Structure formats: C-alpha cells, structure tokens
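S.K.: If it helps, the file is called entry36.txt and holds compact mmCIF, C-alpha atoms:
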# COMPACT_ATOMS: atom_id res chain seq x y z
CA MET A 29 15.49 -106.42 53.30
CA LYS A 30 14.22 -104.13 56.06
CA LEU A 31 16.81 -101.82 57.58
CA ASP A 32 16.05 -103.32 60.96
CA ASN A 33 17.22 -106.72 59.71
CA PHE A 34 20.77 -105.36 59.67
CA TYR A 35 20.60 -105.46 63.47
CA TRP A 36 20.86 -109.26 63.25
CA LEU A 37 22.93 -109.55 60.10
CA MET A 38 26.27 -108.69 61.71
CA TYR A 39 25.79 -111.54 64.21
CA LYS A 40 24.07 -114.02 61.90
CA GLY A 41 27.40 -114.77 60.27
CA VAL A 42 28.75 -116.14 63.57
CA ILE A 43 25.67 -118.06 64.79
CA PRO A 44 26.50 -121.79 64.60
CA ASN A 45 24.71 -123.59 61.72
CA SER A 46 23.19 -120.31 60.53
CA LYS A 47 22.44 -120.19 56.80
CA LEU A 48 23.13 -116.93 55.01
CA SER A 49 21.23 -115.97 51.90
CA GLU A 50 23.23 -114.85 48.86
CA LEU A 51 22.23 -111.25 49.57
CA GLU A 52 23.27 -111.47 53.22
CA ALA A 53 26.63 -113.04 52.32
CA PHE A 54 27.19 -110.30 49.73
CA LEU A 55 26.35 -107.50 52.19
CA LEU A 56 28.64 -108.89 54.88
CA LYS A 57 31.58 -108.65 52.47
CA PHE A 58 31.17 -104.87 52.72
CA ILE A 59 29.84 -104.55 56.28
CA TYR A 60 32.56 -106.49 58.11
CA PRO A 61 35.57 -104.54 56.70
CA ILE A 62 33.92 -101.16 57.43
CA ALA A 63 33.02 -102.26 60.97
CA SER A 64 36.50 -103.66 61.58
CA TRP A 65 38.21 -100.46 60.36
CA SER A 66 35.87 -98.37 62.52
CA ILE A 67 36.66 -100.39 65.66
CA LYS A 68 40.40 -100.16 65.04
CA GLN A 69 40.16 -96.37 64.79
CA ILE A 70 38.25 -95.92 68.05
CA ILE A 71 40.74 -98.19 69.84
CA ARG A 72 43.49 -95.90 68.56
CA GLN A 73 41.53 -92.78 69.54
CA GLU A 74 40.72 -94.06 73.05
CA LYS A 75 44.30 -95.38 73.48
CA THR A 76 43.14 -98.75 74.78
CA ARG A 77 45.38 -101.02 72.68
CA SER A 78 47.79 -101.79 75.55
CA LEU A 79 44.88 -102.56 77.89
CA ILE A 80 43.30 -104.83 75.26
CA GLU A 81 46.60 -106.69 74.91
CA ARG A 82 46.75 -107.15 78.67
CA LEU A 83 43.19 -108.49 78.70
CA GLN A 84 44.01 -110.84 75.82
CA LYS A 85 46.87 -112.30 77.85
CA THR A 86 44.49 -112.83 80.76
CA VAL A 87 41.77 -114.45 78.62
CA PRO A 88 43.22 -115.38 75.20
CA ASP A 89 40.00 -116.91 73.87
CA ILE A 90 36.59 -115.23 74.21
CA SER A 91 35.03 -117.07 71.27
CA ALA A 92 32.58 -118.96 73.49
CA GLN A 93 31.63 -116.04 75.71
CA GLU A 94 27.98 -116.22 74.65
CA THR A 95 25.82 -119.33 74.34
CA HIS A 96 24.10 -118.65 71.03
CA TYR A 97 26.81 -117.11 68.87
CA THR A 98 30.57 -117.02 68.59
CA TYR A 99 32.94 -114.12 69.06
CA LYS A 100 35.33 -114.08 66.12
CA GLY A 101 36.61 -111.61 63.57
CA VAL A 102 35.05 -108.16 63.83
CA ILE A 103 32.64 -109.39 66.53
CA GLU A 104 35.64 -110.17 68.75
CA GLU A 105 37.33 -106.86 67.89
CA LYS A 106 34.19 -104.99 68.88
CA GLU A 107 33.81 -106.94 72.13
CA ARG A 108 37.46 -106.49 73.09
CA ALA A 109 37.09 -102.73 72.66
CA VAL A 110 33.95 -102.72 74.82
CA GLN A 111 35.64 -104.84 77.49
CA ALA A 112 38.58 -102.43 77.59
CA PHE A 113 36.13 -99.56 78.10
CA GLN A 114 34.47 -101.46 80.98
CA CYS A 115 37.79 -102.32 82.61
CA GLN A 116 39.03 -98.75 82.23
CA MET A 117 35.91 -97.52 84.00
CA LEU A 118 36.37 -100.08 86.76
CA LEU A 119 39.88 -98.81 87.43
CA GLU A 120 38.51 -95.27 87.63
CA ILE A 121 35.80 -96.43 90.04
CA MET A 122 38.44 -98.06 92.24
CA SER A 123 40.30 -94.76 92.42
CA LYS A 124 37.13 -92.87 93.43
CA ALA A 125 35.72 -95.31 96.00
CA SER A 126 37.49 -96.43 99.19
CA PHE A 127 37.85 -100.16 98.64
CA GLN A 128 41.57 -100.56 99.24
CA ASP A 129 41.52 -101.02 103.02
CA GLN A 130 39.44 -104.22 103.12
CA GLU A 131 40.78 -107.73 103.63
CA ILE A 132 38.49 -109.10 100.90
CA PHE A 133 36.97 -107.15 97.99
CA THR A 134 33.76 -108.89 96.89
CA LEU A 135 32.42 -108.33 93.39
CA VAL A 136 29.13 -109.79 92.11
CA ASP A 137 28.73 -109.81 88.32
CA ILE A 138 25.04 -110.13 87.44
CA GLY A 139 24.41 -111.51 83.96
CA ASP A 140 27.94 -112.91 83.61
CA SER A 141 27.96 -115.36 80.70
CA SER A 142 31.40 -116.95 80.98
CA GLY A 143 33.50 -115.58 83.86
CA THR A 144 35.62 -113.45 81.51
CA HIS A 145 35.12 -110.18 83.37
CA CYS A 146 35.79 -111.81 86.73
CA LEU A 147 39.13 -113.06 85.41
CA TYR A 148 39.92 -109.60 84.04
CA PHE A 149 39.07 -107.92 87.32
CA SER A 150 41.08 -110.38 89.38
CA GLU A 151 44.10 -109.56 87.22
CA LEU A 152 43.57 -105.79 87.13
CA LEU A 153 42.88 -105.43 90.85
CA LYS A 154 45.52 -107.78 92.20
CA ASP A 155 47.75 -104.86 93.21
CA LYS A 156 44.89 -102.64 94.39
CA VAL A 157 43.09 -104.88 96.91
CA LYS A 158 44.41 -107.52 99.30
CA LYS A 159 42.12 -110.26 98.00
CA ILE A 160 39.29 -110.34 95.47
CA GLU A 161 36.33 -112.71 95.58
CA THR A 162 33.97 -112.86 92.59
CA ILE A 163 30.47 -114.30 92.29
CA SER A 164 28.75 -114.61 88.92
CA VAL A 165 24.99 -114.74 88.37
CA ASN A 166 23.15 -116.05 85.30
CA LEU A 167 19.87 -117.79 84.44
CA ASP A 168 21.52 -119.99 81.78
CA PRO A 169 22.84 -123.36 83.06
CA LYS A 170 25.37 -123.49 80.20
CA ALA A 171 26.80 -120.14 81.28
CA ILE A 172 27.07 -121.34 84.88
CA GLU A 173 28.94 -124.46 83.70
CA LYS A 174 31.46 -122.31 81.78
CA ILE A 175 32.02 -120.06 84.78
CA LYS A 176 32.49 -122.93 87.24
CA SER A 177 34.84 -124.72 84.83
CA ARG A 178 37.18 -121.76 85.32
CA GLY A 179 37.20 -122.29 89.06
CA LEU A 180 34.91 -119.32 89.76
CA LYS A 181 31.85 -119.08 91.99
CA ALA A 182 28.48 -118.85 90.23
CA ILE A 183 24.78 -118.74 91.11
CA LEU A 184 22.06 -120.05 88.80
CA CYS A 185 19.06 -117.71 89.03
CA ARG A 186 17.24 -114.88 87.33
CA ALA A 187 18.67 -111.44 88.05
CA GLU A 188 15.30 -110.31 89.40
CA ASP A 189 15.27 -113.19 91.93
CA LEU A 190 18.80 -112.72 93.24
CA ASP A 191 18.97 -112.83 97.03
CA LEU A 192 22.44 -113.02 98.55
CA GLY A 193 21.14 -112.97 102.11
CA SER A 194 23.81 -111.76 104.51
CA GLN A 195 26.53 -111.78 101.84
CA SER A 196 28.27 -108.40 101.90
CA THR A 197 29.12 -107.04 98.44
CA ASP A 198 31.54 -104.22 97.70
CA LEU A 199 30.57 -103.77 94.06
CA PHE A 200 27.80 -105.13 91.86
CA THR A 201 28.47 -105.14 88.13
CA SER A 202 26.11 -105.72 85.22
CA PHE A 203 27.34 -105.53 81.65
CA GLN A 204 24.91 -105.44 78.72
CA MET A 205 22.22 -107.13 80.82
CA LEU A 206 19.59 -104.56 81.84
CA GLU A 207 18.29 -104.21 78.29
CA HIS A 208 17.46 -107.94 78.31
CA LEU A 209 15.19 -107.76 81.38
CA HIS A 210 11.40 -107.59 81.24
CA ASP A 211 11.34 -105.59 84.47
CA PRO A 212 14.64 -103.76 85.07
CA VAL A 213 12.98 -101.44 87.61
CA MET A 214 12.04 -104.24 90.01
CA PHE A 215 15.46 -105.83 89.59
CA LEU A 216 17.14 -102.55 90.54
CA ARG A 217 14.73 -101.83 93.41
CA ARG A 218 15.10 -105.31 94.95
CA LEU A 219 18.88 -105.11 94.62
CA ALA A 220 18.84 -101.75 96.40
CA LYS A 221 16.49 -102.93 99.15
CA LYS A 222 17.74 -106.46 99.82
CA SER A 223 21.46 -106.41 99.12
CA LYS A 224 24.26 -105.60 101.53
CA GLY A 225 26.12 -103.54 98.96
CA ASN A 226 26.16 -99.83 98.17
CA TYR A 227 27.68 -99.62 94.70
CA LEU A 228 26.60 -100.75 91.23
CA PHE A 229 28.49 -100.43 87.93
CA VAL A 230 26.37 -100.88 84.80
CA THR A 231 26.95 -100.75 81.06
CA VAL A 232 24.18 -100.81 78.45
CA PRO A 233 23.98 -100.13 74.70
CA TYR A 234 24.06 -96.42 73.95
CA PHE A 235 21.03 -94.88 72.25
CA GLU A 236 20.36 -91.16 71.86
CA LYS A 237 16.60 -91.83 71.84
CA SER A 238 14.82 -94.54 73.79
CA ARG A 239 12.98 -97.33 72.05
CA VAL A 240 11.65 -100.83 72.58
CA GLY A 241 13.93 -103.44 71.03
CA LEU A 242 12.16 -106.75 70.31
CA HIS A 243 13.73 -106.86 66.86
CA ARG A 244 12.58 -110.40 66.11
CA ILE A 245 8.96 -109.34 66.47
CA ARG A 246 9.62 -106.27 64.33
CA ASN A 247 10.95 -108.59 61.62
CA ASP A 248 8.34 -111.33 62.06
CA VAL A 249 10.91 -113.97 63.04
CA LYS A 250 8.91 -116.86 64.49
CA GLU A 251 11.31 -119.18 66.26
CA PRO A 252 12.40 -119.89 69.85
CA VAL A 253 14.57 -117.16 71.33
CA SER A 254 16.45 -116.81 74.63
CA ALA A 255 16.85 -113.81 76.93
CA GLU A 256 20.48 -113.56 75.81
CA GLU A 257 19.32 -112.88 72.24
CA THR A 258 16.55 -110.41 73.06
CA HIS A 259 16.71 -106.70 73.86
CA ILE A 260 13.53 -105.47 75.53
CA PHE A 261 14.21 -101.85 76.48
CA GLU A 262 16.87 -99.86 74.60
CA LEU A 263 16.84 -96.62 76.57
CA SER A 264 18.74 -93.36 76.39
CA PRO A 265 21.07 -92.39 79.27
CA GLU A 266 18.52 -89.78 80.39
CA ASP A 267 15.79 -92.39 80.72
CA TRP A 268 18.05 -94.96 82.38
CA ASN A 269 19.02 -92.30 84.93
CA LEU A 270 15.38 -91.70 85.78
CA LEU A 271 14.85 -95.42 86.34
CA PHE A 272 18.00 -95.71 88.46
CA ILE A 273 16.91 -92.88 90.76
CA HIS A 274 13.34 -94.21 90.91
CA SER A 275 14.70 -97.64 91.84
CA GLY A 276 17.06 -96.52 94.60
CA TRP A 277 20.37 -95.80 92.86
CA LYS A 278 22.02 -92.38 92.60
CA PRO A 279 24.20 -91.71 89.52
CA VAL A 280 27.79 -90.83 90.48
CA PHE A 281 29.51 -90.55 87.10
CA SER A 282 29.12 -91.96 83.59
CA LYS A 283 31.00 -92.35 80.30
CA LYS A 284 30.27 -93.23 76.67
CA HIS A 285 32.15 -95.57 74.37
CA TYR A 286 31.49 -95.40 70.63
CA HIS A 287 32.10 -98.03 67.95
CA TYR A 288 33.55 -95.39 65.63
CA PRO A 289 36.09 -92.55 65.78
CA ARG A 290 34.76 -89.21 66.95
CA ASN A 291 35.10 -85.70 65.52
CA TRP A 292 36.21 -86.72 62.04
CA PRO A 293 34.42 -84.55 59.45
CA VAL A 294 31.98 -86.56 57.29
CA VAL A 295 33.53 -89.91 58.29
CA SER A 296 32.22 -89.82 61.87
CA LEU A 297 28.75 -88.85 60.68
CA PHE A 298 28.68 -91.69 58.16
CA LEU A 299 29.87 -94.23 60.74
CA LYS A 300 27.39 -92.94 63.31
CA TYR A 301 24.48 -93.91 61.04
CA PHE A 302 26.26 -97.05 59.83
CA TRP A 303 26.37 -98.35 63.42
CA ARG A 304 22.86 -97.13 64.22
CA ILE A 305 21.53 -99.28 61.38
CA LEU A 306 23.88 -102.21 61.92
CA ASP A 307 23.86 -102.56 65.69
CA PHE A 308 23.98 -99.52 68.00
CA GLU A 309 26.32 -96.55 68.33
CA GLY A 310 28.30 -97.74 71.32
CA ASN A 311 27.99 -98.32 75.03
CA TRP A 312 27.20 -96.22 78.07
CA GLY A 313 28.66 -96.96 81.47
CA ILE A 314 27.47 -95.57 84.80
CA PHE A 315 28.65 -95.89 88.39
CA LEU A 316 25.80 -95.78 90.93
CA GLU A 317 25.53 -95.46 94.70
CA LYS A 318 22.60 -96.82 96.68
CA ASP A 319 20.24 -94.04 97.74
CA LEU A 320 16.65 -94.97 98.57
CA GLU A 321 15.36 -91.53 99.58
CA ILE A 322 13.59 -90.65 96.31
CA SER A 323 12.71 -94.27 95.60
CA ASN A 324 10.88 -94.54 98.93
CA TYR A 325 8.60 -91.64 98.02
CA TYR A 326 6.83 -94.10 95.72
CA GLN A 327 4.27 -95.83 97.94
CA ASP A 328 3.20 -98.82 95.87
CA TRP A 329 6.25 -100.99 95.38
CA ASP A 330 5.38 -104.69 95.00
CA GLU A 331 8.25 -106.20 96.98
Could you rewrite the structure in this file as structure tokens?
M.R.:
Amino acid sequence: MKLDNFYWLMYKGVIPNSKLSELEAFLLKFIYPIASWSIKQIIRQEKTRSLIERLQKTVPDISAQETHYTYKGVIEEKERAVQAFQCQMLLEIMSKASFQDQEIFTLVDIGDSSGTHCLYFSELLKDKVKKIETISVNLDPKAIEKIKSRGLKAILCRAEDLDLGSQSTDLFTSFQMLEHLHDPVMFLRRLAKKSKGNYLFVTVPYFEKSRVGLHRIRNDVKEPVSAEETHIFELSPEDWNLLFIHSGWKPVFSKKHYHYPRNWPVVSLFLKYFWRILDFEGNWGIFLEKDLEISNYYQDWDE
C-alpha cells in the first residue's frame, strides 16, 4: 500500500457500500483509535468542548453533511472540532468588524453542503445582530435539496459562476471549498469585482508546503469522482495569501487549527506526521477584506 493511499483510507470506512480489504480493515483498527484520541486532546487544549456541545444542540446530526460519505465516529469528532474552530473565528470576526448596527446581517456560504453552518451562525449570532439572513451556494443538486429542506435559502451554481447581482452581502464564507476548485484565482477575482460585499472568511486544509492534490490520479484510481471528493490545490498559507492579494482580497488576520495536541514532547511530533500521512495536519482560517489595488495592477484578467 502506498503511503498516499492512507489519505483515502480514513474516509473509505464511512463511504456507503465501500468494500474494505482485509489489510485496510486491520489498519483502521489502529488508525481510528489514535485519530480519535488525538482529536479529543486538541479539543481539550483549545477549550472548545462547551462550544461543540452548543453546536451539537443546534444540529444534533451531521452524519449526512456530505453527499459521498458519512460523518460518524472519529470522522464526526474531527469535523465537530473543525466546526468549533470555524465558529470561534466567526465570533472573533464579528467583534472586529462593525456589523452590529444593521437591520439585516446577510451571510453567503459558498460551497455549503447541507446548511449546517448557516444554522450554527443563526444560533451564535442571534444576540449580536438584529436579524440574520443566510444564502447557501453549491453545484450539487442533492446538497441544495438538503439545505432547502431545512428552510434555508440556496442557489444551485458553480462557485466560479456566482453572480448575486444587486444583493448586498455583509460576509462571504467558504469552508474547505477553495482546494476543490480548478481555478480559485478567477473565483476570488470575480467575487471581488462583481459582489456587493467587502468581507470574506475562508478555511482550507493546512499544509506547511504547497502541493497538487489529485490523490486518485496519484493512486491510479479509475472511477467517476465528484468535485466534493477531489482536492486540486493544497497550498500553504503563504501561497494562499499571495493568491488572495492577487485576486483582490487583503488578509486581515488568520489562525491555525491542528488535529493533534501541540507542544507535547515526542507525542506532538509523532501525531504531526501521523496526520500528514493520514489526512492533513489541520485547518487554516483567514479573514479577508476586499482590496483591488494590487489586483488591478495585473492587466490581463479574463473577466
């Protein structure tokens, strides 16, 4: 088994109708407990347990958040920890930006797969804004059905083709979506140029060194695959920042979330490489403000 195959192994166990080989089933008996213990320790270190419990009350079941695999067991633990990190950052963003005085706070979540974050945000912001309106965007009709079934607004389209016209937006969000795009630069540029919104909050997988994903091609997996299942660009924060500035977005502040406890001698180092092989080290979140000055120096945009 190639090391890179471990990237899919953690999720293969929760893909409906997926058949595990004897070796894969054996390895997961060791991988899942280590991953679960690691996630529990970072939740303790980041002190997000109470926030996770609040989010669980808001959305008790996130098992069907994605279309092609199920969140359960350690996969759910990991996702809950990431969601708490995202929500914690949102609350910090709300304290830094002046959104409180508006009658309606409009949030557009691009790449939303189920409406979960919109429900979280409506709960978390209910005492911070007078009224919140959410709009979700996804290219998957099944995702749009799930979102609308929760009574939320949703738009079926590719992120790159999003055009909200005269719709004013207070905050755009995009969680674990940019790495799935073939052309994240044009998505970001068009959003900066066409939208009536000045702020963008993004999270992506955290990598110290940039690379191209496309793990199925690396492993010679020849079967149909969706955008949801495919990472194209897995970039470092430094490289993402360059693309943000080039595309018309100025970094304001950023934070990292790891899937393992930090600053533990030997243990942290082991878990760092464990997660690098298994999935990725964690997540990186960044709050951005629209600023086209440097972006407009580039003369050959195809808009």
S.K.: With 12 Å as the threshold, what does the neighbourhood of (39.0, -111.8, 85.5) contain in terms of residues, counting only C-alpha atoms? Coordinates are those of the file; answer as a ChimeraX atom specification.
M.R.: /A:82-88,111,115,135,137,140,142-154,160-164,175,178-180
S.K.: With all atoms listed in the file as the counted atoms, please give the residues lying no more than 10 Å from Val157 of chain A, apart from itself and same-chain residues fewer than 4 positions off, as a count of residues only.
M.R.: 11
S.K.: To one decimal in Å, tell me the separation between atom CA of Ala125 of chain A and atom CA of Ser202 of chain A.
M.R.: 17.8 Å
S.K.: Identify, on the basis of all atoms listed in the file, every residue whose closest approach to Leu48 of chain A does not exceed 12 Å; exclude the query and any residue fewer than 6 positions from it along the same chain; express the result as a list in words.
M.R.: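 Using all atoms listed in the file, the neighbours found are Trp36, Leu37, Met38, Tyr39, Lys40, Gly41, Val42, Phe54, Leu55 and Leu56 of chain A.
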S.K.: Go through A:Glu173, A:Glu257, A:Glu94, A:Glu107 and flag the residue nearest Gly310 of chain A, using all atoms listed in the file for the distances.
M.R.: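 The shortest atom-to-atom distance to Gly310 of chain A comes from A:Glu107.
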S.K.: Between atom CA of Ile71 of chain A and atom CA of Val102 of chain A, what is the spacing in Å?
M.R.: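 Separation of atom CA of Val102 of chain A and atom CA of Ile71 of chain A: 13.0 Å.
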S.K.: Which residue is closest to Glu236 of chain A? Choose from A:Leu190, A:Leu263, A:Leu118, A:Leu209 and count all atoms listed in the file.
M.R.: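 Looking only at the distances to Glu236 of chain A, the closest residue turns out to be A:Leu263.
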S.K.: So that I can see what lies close to Trp312 of chain A, please list as a ChimeraX atom specification the residues with an atom at most 7 Å from it, counting all atoms listed in the file and leaving out residues fewer than 5 positions away in the same chain.
M.R.: /A:231-234,283-285
